[in-house]
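Quick look at model06.cif (mmCIF, C-alpha atoms):
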data_start
#
loop_
_atom_site.label_atom_id
_atom_site.label_comp_id
_atom_site.auth_asym_id
_atom_site.auth_seq_id
_atom_site.Cartn_x
_atom_site.Cartn_y
_atom_site.Cartn_z
CA MET Y 1 -1.26 -36.84 -63.69
CA ASN Y 2 0.19 -39.61 -65.87
CA LYS Y 3 0.38 -43.05 -64.30
CA GLN Y 4 3.93 -44.36 -63.82
CA LYS Y 5 4.68 -46.88 -66.53
CA THR Y 6 5.95 -50.34 -65.67
CA VAL Y 7 8.57 -52.41 -67.48
CA ALA Y 8 9.60 -56.05 -67.08
CA PHE Y 9 12.78 -57.69 -68.35
CA LYS Y 10 13.73 -61.26 -69.22
CA THR Y 11 17.30 -62.18 -70.13
CA LEU Y 12 18.43 -65.40 -71.76
CA GLY Y 13 21.93 -66.55 -72.61
CA CYS Y 14 25.32 -65.10 -71.82
CA ARG Y 15 26.74 -62.56 -69.39
CA LEU Y 16 26.97 -60.07 -72.24
CA ASN Y 17 23.18 -60.12 -72.45
CA LEU Y 18 22.99 -59.76 -68.65
CA TYR Y 19 25.21 -56.66 -68.82
CA GLU Y 20 23.09 -55.12 -71.56
CA THR Y 21 19.82 -55.82 -69.72
CA ASP Y 22 21.22 -54.28 -66.52
CA ALA Y 23 22.18 -51.14 -68.44
CA LEU Y 24 18.77 -50.91 -70.14
CA ALA Y 25 16.87 -51.45 -66.89
CA SER Y 26 18.90 -48.71 -65.21
CA GLU Y 27 18.09 -46.31 -68.06
CA PHE Y 28 14.35 -47.07 -67.78
CA ALA Y 29 14.46 -46.53 -64.00
CA LYS Y 30 16.07 -43.12 -64.49
CA LYS Y 31 13.20 -42.25 -66.83
CA ASP Y 32 10.80 -43.03 -63.95
CA TYR Y 33 9.64 -46.41 -65.19
CA ARG Y 34 8.97 -48.90 -62.40
CA VAL Y 35 10.74 -52.20 -63.00
CA VAL Y 36 8.50 -55.17 -62.09
CA ASP Y 37 8.81 -58.95 -62.14
CA PHE Y 38 8.48 -60.51 -65.59
CA ASN Y 39 5.46 -62.54 -64.48
CA GLU Y 40 3.53 -59.42 -63.47
CA LYS Y 41 1.39 -57.24 -65.72
CA ALA Y 42 3.49 -54.49 -67.26
CA ASP Y 43 3.11 -51.74 -69.83
CA LEU Y 44 6.27 -52.98 -71.54
CA TYR Y 45 8.12 -56.30 -71.74
CA VAL Y 46 11.73 -56.38 -72.93
CA ILE Y 47 13.04 -59.85 -73.83
CA ASN Y 48 16.79 -60.08 -74.43
CA THR Y 49 17.08 -63.32 -76.38
CA CYS Y 50 19.70 -65.97 -77.11
CA THR Y 51 20.03 -68.10 -80.25
CA VAL Y 52 23.21 -70.12 -79.64
CA THR Y 53 21.29 -73.44 -79.70
CA ASN Y 54 17.86 -74.70 -80.76
CA GLN Y 55 17.00 -74.92 -77.06
CA SER Y 56 17.87 -71.23 -76.69
CA ASP Y 57 15.44 -70.38 -79.50
CA GLN Y 58 12.72 -72.44 -77.82
CA LYS Y 59 13.26 -70.72 -74.47
CA SER Y 60 13.18 -67.30 -76.12
CA ARG Y 61 9.92 -68.07 -77.93
CA ARG Y 62 8.42 -69.39 -74.71
CA GLU Y 63 9.21 -66.13 -72.88
CA ILE Y 64 7.69 -64.10 -75.73
CA ASN Y 65 4.49 -66.11 -75.33
CA VAL Y 66 4.56 -65.65 -71.54
CA ALA Y 67 4.68 -61.87 -71.93
CA HIS Y 68 1.84 -61.94 -74.45
CA ARG Y 69 -0.37 -64.10 -72.21
CA THR Y 70 0.38 -62.06 -69.08
CA ASN Y 71 -0.81 -58.76 -70.52
CA GLN Y 72 -1.97 -58.48 -74.10
CA GLU Y 73 -2.46 -54.75 -73.62
CA GLY Y 74 1.25 -54.24 -72.92
CA ILE Y 75 3.83 -53.97 -75.69
CA THR Y 76 6.70 -56.40 -76.23
CA ILE Y 77 10.15 -55.52 -77.49
CA VAL Y 78 12.31 -58.48 -78.51
CA THR Y 79 16.03 -57.83 -78.76
CA GLY Y 80 19.26 -59.81 -78.60
CA CYS Y 81 20.75 -62.54 -80.78
CA MET Y 82 17.51 -64.27 -81.75
CA ALA Y 83 16.11 -60.88 -82.76
CA THR Y 84 19.09 -60.47 -85.08
CA ASN Y 85 18.95 -64.03 -86.42
CA TYR Y 86 15.17 -64.14 -87.01
CA LYS Y 87 14.35 -60.46 -87.41
CA GLU Y 88 11.91 -60.87 -90.30
CA GLN Y 89 10.18 -63.91 -88.81
CA LEU Y 90 9.72 -62.26 -85.40
CA GLY Y 91 8.39 -59.14 -87.09
CA LYS Y 92 5.42 -61.22 -88.29
CA ASN Y 93 4.68 -62.59 -84.82
CA GLU Y 94 1.54 -60.98 -83.37
CA ALA Y 95 3.00 -61.32 -79.87
CA VAL Y 96 5.91 -59.02 -80.79
CA ASP Y 97 5.52 -55.27 -81.26
CA TYR Y 98 9.14 -54.32 -82.02
CA VAL Y 99 12.22 -56.32 -83.00
CA VAL Y 100 15.47 -54.60 -82.06
CA ASP Y 101 18.66 -56.25 -83.34
CA ASN Y 102 21.94 -56.25 -81.40
CA ASP Y 103 23.32 -53.25 -83.28
CA HIS Y 104 20.38 -51.12 -82.12
CA LYS Y 105 19.93 -52.61 -78.64
CA THR Y 106 21.12 -49.42 -76.95
CA SER Y 107 18.03 -47.73 -78.46
CA VAL Y 108 15.41 -49.91 -76.71
CA LEU Y 109 14.42 -47.06 -74.37
CA SER Y 110 14.14 -44.65 -77.29
CA VAL Y 111 11.94 -47.12 -79.17
CA ALA Y 112 9.64 -47.46 -76.15
CA GLU Y 113 9.46 -43.70 -75.55
CA ALA Y 114 8.62 -43.05 -79.20
CA HIS Y 115 5.86 -45.65 -79.06
CA PHE Y 116 4.28 -44.22 -75.91
CA ASN Y 117 4.47 -40.73 -77.45
CA GLY Y 118 2.35 -41.97 -80.35
CA GLU Y 119 5.11 -41.75 -82.94
CA LEU Y 120 5.64 -44.07 -85.89
CA VAL Y 121 8.66 -46.16 -84.96
CA ASP Y 122 11.28 -47.50 -87.35
CA VAL Y 123 14.03 -49.21 -85.33
CA ASN Y 124 16.56 -48.74 -88.13
CA ASN Y 125 16.28 -44.96 -87.80
CA PHE Y 126 17.90 -45.06 -84.36
CA GLU Y 127 21.67 -44.94 -83.90
CA ALA Y 128 23.52 -48.24 -84.10
CA ASN Y 129 26.08 -48.47 -81.31
CA LEU Y 130 27.48 -51.51 -79.48
CA PHE Y 131 28.92 -49.72 -76.47
CA SER Y 132 26.82 -46.65 -75.66
CA TYR Y 133 25.29 -48.14 -72.51
CA ALA Y 134 25.30 -45.88 -69.45
CA PRO Y 135 26.84 -47.35 -66.27
CA ALA Y 136 24.10 -49.07 -64.27
CA ASP Y 137 23.81 -47.91 -60.66
CA GLU Y 138 21.04 -50.43 -59.92
CA THR Y 139 21.09 -53.90 -61.46
CA PHE Y 140 19.57 -57.34 -61.03
CA HIS Y 141 22.87 -58.62 -59.60
CA THR Y 142 25.35 -58.00 -56.80
CA ARG Y 143 28.17 -58.01 -59.35
CA SER Y 144 28.62 -55.28 -61.94
CA LEU Y 145 29.13 -56.60 -65.46
CA ILE Y 146 31.39 -54.50 -67.70
CA LYS Y 147 31.29 -54.93 -71.48
CA ILE Y 148 34.74 -54.55 -73.02
CA GLN Y 149 34.32 -56.26 -76.40
CA ASP Y 150 31.72 -57.62 -78.82
CA GLY Y 151 31.68 -59.89 -81.86
CA CYS Y 152 34.03 -62.64 -82.99
CA ASP Y 153 36.29 -63.36 -85.97
CA ASN Y 154 36.95 -67.05 -85.28
CA PHE Y 155 34.03 -68.53 -87.29
CA CYS Y 156 33.94 -71.93 -85.60
CA THR Y 157 32.02 -74.35 -87.80
CA PHE Y 158 29.25 -74.91 -85.22
CA CYS Y 159 28.79 -71.30 -84.12
CA ILE Y 160 26.32 -68.66 -85.24
CA ILE Y 161 27.69 -65.88 -83.03
CA PRO Y 162 29.68 -64.03 -85.76
CA LYS Y 163 26.41 -63.77 -87.72
CA VAL Y 164 24.36 -62.35 -84.85
CA ARG Y 165 27.06 -60.39 -82.98
CA GLY Y 166 29.19 -59.35 -85.95
CA ARG Y 167 32.96 -59.05 -86.30
CA ALA Y 168 35.19 -58.54 -83.28
CA THR Y 169 35.07 -54.96 -81.96
CA SER Y 170 36.81 -53.62 -78.86
CA ARG Y 171 35.62 -50.82 -76.61
CA PRO Y 172 38.01 -47.89 -76.04
CA PRO Y 173 39.97 -48.48 -72.82
CA GLU Y 174 39.24 -45.06 -71.31
CA GLU Y 175 35.50 -45.77 -71.58
CA ILE Y 176 36.05 -49.06 -69.76
CA PHE Y 177 38.13 -47.46 -67.00
CA GLU Y 178 35.55 -44.72 -66.50
CA ASN Y 179 32.72 -47.26 -66.46
CA ILE Y 180 34.51 -49.21 -63.72
CA ARG Y 181 35.31 -46.10 -61.68
CA GLN Y 182 31.65 -45.14 -61.80
CA VAL Y 183 30.24 -48.50 -60.71
CA VAL Y 184 32.86 -48.78 -57.95
CA GLY Y 185 31.63 -45.36 -56.88
CA PHE Y 186 28.08 -46.77 -56.86
CA GLY Y 187 29.33 -49.33 -54.32
CA TYR Y 188 29.84 -52.48 -56.37
CA LYS Y 189 32.46 -54.86 -54.97
CA GLU Y 190 32.89 -57.26 -57.87
CA ILE Y 191 33.53 -56.30 -61.49
CA VAL Y 192 33.00 -58.96 -64.18
CA LEU Y 193 34.65 -58.31 -67.54
CA THR Y 194 32.48 -59.62 -70.33
CA GLY Y 195 32.42 -59.89 -74.12
CA VAL Y 196 32.24 -62.49 -76.88
CA ASN Y 197 35.99 -63.15 -77.23
CA LEU Y 198 37.78 -61.31 -74.43
CA GLY Y 199 41.25 -62.62 -75.20
CA ARG Y 200 41.17 -60.91 -78.61
CA TYR Y 201 40.66 -57.47 -77.10
CA THR Y 202 42.80 -54.93 -78.95
CA TYR Y 203 42.56 -51.16 -79.13
CA GLU Y 204 45.32 -48.66 -80.01
CA GLY Y 205 48.22 -50.36 -78.24
CA TYR Y 206 46.13 -52.20 -75.67
CA ASP Y 207 45.78 -55.96 -75.64
CA PHE Y 208 43.75 -57.92 -73.08
CA GLU Y 209 46.65 -58.27 -70.65
CA LYS Y 210 47.48 -54.56 -70.61
CA LEU Y 211 43.78 -53.68 -70.23
CA VAL Y 212 43.34 -55.99 -67.22
CA GLU Y 213 46.58 -54.79 -65.65
CA GLU Y 214 45.42 -51.17 -65.71
CA ILE Y 215 41.95 -52.12 -64.45
CA LEU Y 216 43.58 -53.73 -61.41
CA ASP Y 217 45.33 -50.44 -60.66
CA ILE Y 218 42.04 -48.53 -60.35
CA PRO Y 219 41.65 -47.50 -56.68
CA GLY Y 220 38.92 -49.05 -54.54
CA ASP Y 221 37.96 -52.12 -52.52
CA PHE Y 222 36.71 -54.38 -55.29
CA ARG Y 223 37.71 -57.55 -57.07
CA VAL Y 224 37.82 -58.37 -60.78
CA ARG Y 225 36.50 -61.54 -62.38
CA ILE Y 226 37.02 -62.56 -66.01
CA SER Y 227 33.96 -64.20 -67.58
CA SER Y 228 33.99 -66.94 -70.23
CA ILE Y 229 37.04 -66.70 -72.47
CA GLU Y 230 38.53 -68.51 -75.45
CA PRO Y 231 41.90 -70.31 -74.99
CA ASP Y 232 43.74 -67.99 -77.35
CA GLY Y 233 44.95 -64.43 -77.45
CA TYR Y 234 47.08 -64.65 -74.30
CA THR Y 235 50.57 -63.23 -73.96
CA ASP Y 236 53.23 -65.32 -72.22
CA SER Y 237 52.98 -63.26 -69.04
CA PHE Y 238 49.20 -63.11 -68.76
CA PHE Y 239 48.90 -65.61 -65.91
CA ARG Y 240 51.18 -63.52 -63.67
CA LEU Y 241 48.26 -61.09 -63.26
CA PHE Y 242 46.60 -63.60 -60.92
CA ASN Y 243 49.23 -62.70 -58.34
CA HIS Y 244 47.30 -59.44 -57.90
CA PRO Y 245 44.91 -59.63 -54.92
CA LYS Y 246 42.09 -57.99 -56.90
CA LEU Y 247 42.03 -60.60 -59.69
CA THR Y 248 40.00 -63.67 -58.72
CA PRO Y 249 41.68 -67.07 -59.27
CA HIS Y 250 39.04 -68.42 -61.63
CA LEU Y 251 38.74 -68.69 -65.41
CA HIS Y 252 36.05 -70.29 -67.56
CA ILE Y 253 38.01 -71.33 -70.66
CA CYS Y 254 36.12 -73.17 -73.40
CA LEU Y 255 37.64 -76.57 -74.26
CA GLN Y 256 34.72 -77.93 -76.39
CA SER Y 257 36.55 -81.16 -77.25
CA GLY Y 258 39.63 -83.07 -76.12
CA SER Y 259 40.09 -84.66 -79.55
CA GLU Y 260 42.59 -83.01 -81.89
CA GLU Y 261 40.66 -84.25 -84.92
CA ILE Y 262 37.32 -82.89 -83.69
CA LEU Y 263 38.89 -79.55 -82.74
CA LEU Y 264 40.09 -79.26 -86.33
CA LYS Y 265 36.60 -80.04 -87.65
CA MET Y 266 35.20 -77.41 -85.25
CA ARG Y 267 37.80 -74.95 -86.60
CA ARG Y 268 38.94 -74.10 -83.09
CA MET Y 269 42.05 -71.93 -82.92
CA TYR Y 270 44.06 -74.19 -80.57
CA THR Y 271 44.96 -77.83 -80.00
CA ALA Y 272 44.09 -80.13 -77.10
CA TYR Y 273 47.84 -80.33 -76.40
CA PHE Y 274 48.02 -76.53 -76.08
CA PHE Y 275 44.97 -76.45 -73.80
CA LYS Y 276 46.42 -79.11 -71.47
CA LYS Y 277 49.79 -77.35 -71.35
CA MET Y 278 48.07 -74.04 -70.54
CA ALA Y 279 45.93 -75.64 -67.80
CA HIS Y 280 48.94 -77.30 -66.16
CA GLN Y 281 50.90 -74.05 -66.28
CA LEU Y 282 48.03 -72.15 -64.68
CA LYS Y 283 47.54 -74.68 -61.87
CA THR Y 284 51.30 -74.90 -61.22
CA LEU Y 285 51.62 -71.14 -60.91
CA HIS Y 286 48.45 -70.78 -58.82
CA PRO Y 287 47.62 -73.92 -56.77
CA GLY Y 288 43.90 -74.26 -56.12
CA PHE Y 289 43.00 -72.23 -59.21
CA ASN Y 290 39.42 -72.87 -60.35
CA LEU Y 291 39.44 -73.75 -64.05
CA THR Y 292 35.96 -74.35 -65.48
CA THR Y 293 34.97 -75.07 -69.07
CA ASP Y 294 32.42 -75.89 -71.80
CA VAL Y 295 32.31 -79.23 -73.61
CA ILE Y 296 30.27 -80.09 -76.72
CA VAL Y 297 29.37 -83.76 -77.23
CA GLY Y 298 27.96 -85.34 -80.37
CA PHE Y 299 29.64 -83.04 -82.88
CA PRO Y 300 29.29 -84.38 -86.46
CA GLU Y 301 31.63 -87.31 -87.14
CA GLU Y 302 32.56 -87.63 -83.44
CA THR Y 303 33.35 -91.32 -82.95
CA GLU Y 304 33.45 -93.17 -79.64
CA ALA Y 305 37.25 -92.95 -79.83
CA HIS Y 306 37.05 -89.16 -80.24
CA PHE Y 307 34.69 -88.95 -77.27
CA GLN Y 308 37.03 -91.04 -75.09
CA GLU Y 309 39.84 -88.62 -75.96
CA THR Y 310 37.65 -85.84 -74.58
CA MET Y 311 36.98 -87.83 -71.40
CA ALA Y 312 40.70 -88.49 -70.96
CA THR Y 313 41.50 -84.80 -71.44
CA ILE Y 314 38.89 -83.81 -68.85
CA GLU Y 315 40.32 -86.31 -66.34
CA GLU Y 316 43.89 -85.15 -66.95
CA ILE Y 317 43.08 -81.47 -66.44
CA GLY Y 318 40.56 -81.76 -63.58
CA PHE Y 319 37.98 -78.98 -63.91
CA GLY Y 320 36.09 -77.30 -61.07
CA HIS Y 321 32.92 -77.30 -63.16
CA ILE Y 322 31.86 -78.24 -66.71
CA HIS Y 323 28.96 -76.94 -68.78
CA THR Y 324 28.05 -79.79 -71.14
CA PHE Y 325 26.20 -79.13 -74.38
CA LYS Y 326 24.77 -81.62 -76.82
CA TYR Y 327 25.66 -80.41 -80.32
CA SER Y 328 22.77 -78.51 -81.88
CA VAL Y 329 22.54 -77.84 -85.62
CA ARG Y 330 22.50 -74.13 -86.41
CA LYS Y 331 21.35 -73.16 -89.90
CA GLY Y 332 23.91 -71.26 -91.88
CA THR Y 333 26.95 -72.83 -90.19
CA ARG Y 334 29.47 -75.16 -91.84
CA ALA Y 335 28.73 -77.94 -89.37
CA GLU Y 336 25.12 -78.07 -90.62
CA ARG Y 337 26.44 -79.45 -93.92
CA MET Y 338 28.79 -82.02 -92.39
CA PRO Y 339 28.02 -85.72 -92.93
CA GLU Y 340 27.52 -88.23 -90.13
CA GLN Y 341 25.34 -86.19 -87.79
CA ILE Y 342 25.25 -88.01 -84.44
CA ARG Y 343 22.01 -89.60 -83.21
CA GLY Y 344 20.23 -87.95 -80.31
CA ASN Y 345 20.45 -90.97 -78.00
CA VAL Y 346 24.24 -91.10 -78.47
CA LYS Y 347 24.51 -87.42 -77.61
CA THR Y 348 22.44 -88.00 -74.48
CA GLU Y 349 24.62 -90.93 -73.35
CA ARG Y 350 27.82 -88.95 -73.87
CA SER Y 351 26.39 -85.89 -72.15
CA GLU Y 352 25.45 -88.00 -69.13
CA ALA Y 353 28.95 -89.51 -68.98
CA VAL Y 354 30.56 -86.08 -68.97
CA ARG Y 355 28.08 -84.83 -66.38
CA LYS Y 356 28.85 -87.69 -63.99
CA LEU Y 357 32.60 -87.18 -64.31
CA ALA Y 358 32.16 -83.42 -63.92
CA ASP Y 359 30.08 -83.87 -60.74
CA ASP Y 360 32.77 -86.06 -59.18
CA MET Y 361 35.44 -83.48 -60.04
CA LYS Y 362 33.36 -80.60 -58.70
CA LEU Y 363 32.86 -82.36 -55.37
CA ALA Y 364 36.56 -83.22 -55.07
CA TYR Y 365 37.58 -79.66 -55.93
CA ARG Y 366 35.25 -78.06 -53.41
CA LYS Y 367 36.24 -80.53 -50.68
CA SER Y 368 39.81 -79.27 -51.08
CA PHE Y 369 38.72 -75.96 -49.50
CA VAL Y 370 37.57 -77.48 -46.20
CA GLY Y 371 39.78 -76.02 -43.48
CA LYS Y 372 40.76 -73.04 -45.61
CA THR Y 373 39.58 -69.44 -45.86
CA GLN Y 374 37.61 -67.71 -48.60
CA ARG Y 375 36.84 -64.03 -49.00
CA VAL Y 376 33.11 -64.25 -49.63
CA LEU Y 377 31.00 -61.51 -51.19
CA VAL Y 378 27.54 -61.91 -49.65
CA GLU Y 379 24.82 -61.80 -52.28
CA LYS Y 380 21.72 -63.04 -50.48
CA LEU Y 381 20.28 -63.00 -46.96
CA MET Y 382 17.95 -65.87 -46.04
CA PRO Y 383 14.86 -65.62 -43.80
CA ASP Y 384 16.51 -67.96 -41.26
CA GLY Y 385 19.47 -65.60 -40.84
CA SER Y 386 21.95 -67.46 -43.02
CA ALA Y 387 23.68 -65.74 -45.92
CA SER Y 388 25.10 -66.97 -49.21
CA GLY Y 389 27.68 -65.73 -51.63
CA PHE Y 390 30.74 -66.70 -53.62
CA GLY Y 391 34.37 -66.92 -52.60
CA GLU Y 392 37.17 -65.58 -54.75
CA HIS Y 393 37.49 -69.01 -56.44
CA TYR Y 394 33.82 -68.75 -57.54
CA ILE Y 395 32.61 -71.46 -55.21
CA PRO Y 396 29.25 -71.09 -53.40
CA VAL Y 397 29.48 -70.59 -49.64
CA LEU Y 398 26.70 -70.63 -47.03
CA ILE Y 399 27.38 -68.66 -43.83
CA GLN Y 400 25.25 -67.69 -40.85
CA ASP Y 401 26.00 -64.93 -38.38
CA SER Y 402 24.33 -61.88 -36.90
CA GLY Y 403 24.65 -58.58 -38.71
CA LEU Y 404 25.78 -59.78 -42.13
CA LYS Y 405 25.12 -57.43 -45.04
CA THR Y 406 24.77 -57.99 -48.76
CA ASN Y 407 27.44 -56.62 -51.11
CA THR Y 408 30.00 -56.94 -48.31
CA PHE Y 409 33.19 -59.01 -48.08
CA TYR Y 410 33.68 -61.44 -45.20
CA GLU Y 411 36.67 -63.66 -44.41
CA VAL Y 412 35.05 -67.08 -43.97
CA HIS Y 413 36.61 -70.25 -42.57
CA ILE Y 414 35.30 -73.26 -44.52
CA HIS Y 415 34.47 -76.22 -42.30
CA ASN Y 416 32.13 -78.51 -44.22
CA ILE Y 417 30.36 -79.55 -47.43
CA ILE Y 418 26.61 -79.51 -46.85
CA ASP Y 419 25.07 -80.65 -50.12
CA LEU Y 420 26.68 -83.49 -52.06
CA GLU Y 421 24.28 -83.17 -55.01
CA GLU Y 422 25.27 -79.54 -55.61
CA PRO Y 423 28.23 -79.16 -53.27
CA VAL Y 424 27.95 -75.95 -51.26
CA LEU Y 425 30.65 -75.03 -48.76
CA ALA Y 426 29.64 -74.15 -45.20
CA GLY Y 427 31.71 -71.61 -43.32
CA LYS Y 428 32.06 -69.37 -40.28
CA VAL Y 429 33.00 -65.71 -40.35
CA LYS Y 430 36.33 -64.91 -38.74
CA SER Y 431 36.15 -62.43 -35.87
CA SER Y 432 38.70 -59.68 -35.32
CA THR Y 433 40.42 -61.92 -32.75
CA GLU Y 434 40.62 -64.75 -35.31
CA GLU Y 435 38.12 -66.75 -33.23
CA PHE Y 436 35.27 -68.28 -35.22
CA ALA Y 437 31.73 -67.08 -34.58
CA LYS Y 438 29.46 -69.77 -33.14
CA PHE Y 439 26.30 -70.59 -35.06
CA ASN Y 440 24.54 -73.42 -36.79
CA VAL Y 441 24.84 -74.13 -40.51
CA LYS Y 442 21.76 -75.40 -42.28
CA ASN Y 443 21.44 -77.27 -45.55
CA VAL Y 444 20.34 -75.35 -48.65
#
Mind turning this structure into structure tokens?
Amino acid sequence: MNKQKTVAFKTLGCRLNLYETDALASEFAKKDYRVVDFNEKADLYVINTCTVTNQSDQKSRREINVAHRTNQEGITIVTGCMATNYKEQLGKNEAVDYVVDNDHKTSVLSVAEAHFNGELVDVNNFEANLFSYAPADETFHTRSLIKIQDGCDNFCTFCIIPKVRGRATSRPPEEIFENIRQVVGFGYKEIVLTGVNLGRYTYEGYDFEKLVEEILDIPGDFRVRISSIEPDGYTDSFFRLFNHPKLTPHLHICLQSGSEEILLKMRRMYTAYFFKKMAHQLKTLHPGFNLTTDVIVGFPEETEAHFQETMATIEEIGFGHIHTFKYSVRKGTRAERMPEQIRGNVKTERSEAVRKLADDMKLAYRKSFVGKTQRVLVEKLMPDGSASGFGEHYIPVLIQDSGLKTNTFYEVHIHNIIDLEEPVLAGKVKSSTEEFAKFNVKNV
């Protein structure tokens, strides 16, 4: 009798990678592989890499070395954006057995099966397909990620994504609808739409707005969240969709800079004025809306005046959360050749300034929910009986009550902030009589 093979996964980078890893892991499980923790010995390690920054490359290389040290008898398959960007270099790495680029990522299981069957494996002989992932009935997350689009045509001067993900390609809508119907049938309560540039979705008469509108009409008790999105590609009526109870009032829209001049140098497809107008419109239509963003500091030629314009823009808009990135040179991009690269210590100072402002805004935003109600999807049960999850505004909530279940919605009354460093909301589950359950809330 053959011993059941084990497989371990490590995912770095974006939600698109998370979706693809979930789908791959589900396929391996259906083939009777046992999925184990990445730090355990396994017959196979699959590392889904990121290459968006130098730090991403370093993290990816570190995980490759971890797999090699953990079990040198196992095989390692490296896939994802770094595998596409450094395919030849990784192919010479003794810690890597197979390099599978993004175009062939759906074939990772086939590559592994061929190897274990003793066949000679040429990754390029497998079918290239960006969307042929089977719906995952078991994933590493409570939410179900749904890939609707891949690639990008914007070619920002700092970005390597068009090189490693290719040109913008949209998935047929009927495939998306069927994927969602299936995972809702599996029991998932939150659907996260993901891609590289969601707002540019287009397929035979469908734009992003029409696609989302029809997704919201799919029957079932679930909610829909839109992952990171560029501030372009919207129709005038897009924001009305947030009136639908299934669509969560949260968007992560990438600002990158609040300076008009720097946005032009970045070759972003919008202005700071447009972004501010859009943000104000969104918050006016939907009070309490959680708008989060990305900001890059230290872009080439960014002066102190440019940086202060970014700080002023951030203060004017008021974000619920900000991911701050220090500009990282990516070979092959236009920004690599720009003069006046900013010194590392300046980048660090500016990053710290944004972080402090962002922390103050996050705390103020989350405090605004004290005394209000959130519909929380429980994701984790703690040993002490408490439970944690996220409300519809994508804010973390800690609750404690008897009989709570994961992957279940609860109406929670928010009564406190319990961690000022990373502000978590504390709440009590509403009973059927609208009384609040009595229990203690502990710090996390």
Please evaluate the PyMOL selection byres ((chain Y and resi 317) around 10) against the displayed coordinates and give the resulting residues as a list of chain:residue names.
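Selected by the PyMOL selection byres ((chain Y and resi 317) around 10) here: Y:Phe275, Y:Lys276, Y:Lys277, Y:Met278, Y:Ala279, Y:His280, Y:Lys283, Y:Leu291, Y:Ala312, Y:Thr313, Y:Ile314, Y:Glu315, Y:Glu316, Y:Gly318, Y:Phe319, Y:Gly320.
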Output the residue selection produced by the PyMOL selection byres ((chain Y and resi 160-172) around 6) on the file above, formatted as a tab-separated table (two decimals) with C-alpha atoms, in the coordinates of the input.
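The resulting file, part_36.tsv, is shown below:
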chain	number	residue	atom	x	y	z
Y	81	CYS	CA	20.75	-62.54	-80.78
Y	84	THR	CA	19.09	-60.47	-85.08
Y	85	ASN	CA	18.95	-64.03	-86.42
Y	148	ILE	CA	34.74	-54.55	-73.02
Y	149	GLN	CA	34.32	-56.26	-76.40
Y	150	ASP	CA	31.72	-57.62	-78.82
Y	151	GLY	CA	31.68	-59.89	-81.86
Y	152	CYS	CA	34.03	-62.64	-82.99
Y	153	ASP	CA	36.29	-63.36	-85.97
Y	159	CYS	CA	28.79	-71.30	-84.12
Y	173	PRO	CA	39.97	-48.48	-72.82
Y	174	GLU	CA	39.24	-45.06	-71.31
Y	175	GLU	CA	35.50	-45.77	-71.58
Y	201	TYR	CA	40.66	-57.47	-77.10
Which protein, DNA or RNA residues have an atom at most 9 Å from (9.6, -54.9, -85.5), counting all atoms listed in the file? List them as a tab-separated table (two decimals) with C-alpha atoms, in the coordinates of the input.
chain	number	residue	atom	x	y	z
Y	77	ILE	CA	10.15	-55.52	-77.49
Y	78	VAL	CA	12.31	-58.48	-78.51
Y	87	LYS	CA	14.35	-60.46	-87.41
Y	88	GLU	CA	11.91	-60.87	-90.30
Y	90	LEU	CA	9.72	-62.26	-85.40
Y	91	GLY	CA	8.39	-59.14	-87.09
Y	92	LYS	CA	5.42	-61.22	-88.29
Y	96	VAL	CA	5.91	-59.02	-80.79
Y	97	ASP	CA	5.52	-55.27	-81.26
Y	98	TYR	CA	9.14	-54.32	-82.02
Y	99	VAL	CA	12.22	-56.32	-83.00
Y	100	VAL	CA	15.47	-54.60	-82.06
Y	121	VAL	CA	8.66	-46.16	-84.96
Y	122	ASP	CA	11.28	-47.50	-87.35
Y	123	VAL	CA	14.03	-49.21	-85.33
Excluding Lys356 of chain Y and residues on its chain fewer than 5 positions from it, collect all residues at most 12 Å away from it, counting only C-alpha atoms, and give them as a PyMOL selection string.
chain Y and resi 311+314-315+321-324+349-351+361-363+421
Atom CA of Leu420 of chain Y to atom CA of Asp359 of chain Y: how many Å, to one decimal?
9.3 Å
Determine the residue membership of the PyMOL selection byres ((chain Y and resi 108) around 9) for the file above and supply it as a list in words.
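Against this file, the PyMOL selection byres ((chain Y and resi 108) around 9) returns the residues Leu24, Val46, Ile77, Thr79, Val100, His104, Lys105, Thr106, Ser107, Leu109, Ser110, Val111, Ala112, Glu113 and Val123 of chain Y.
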Give me, please, the distance in Å between atom CA of Thr333 of chain Y and atom CA of Arg268 of chain Y, quoted to one decimal.
14.0 Å
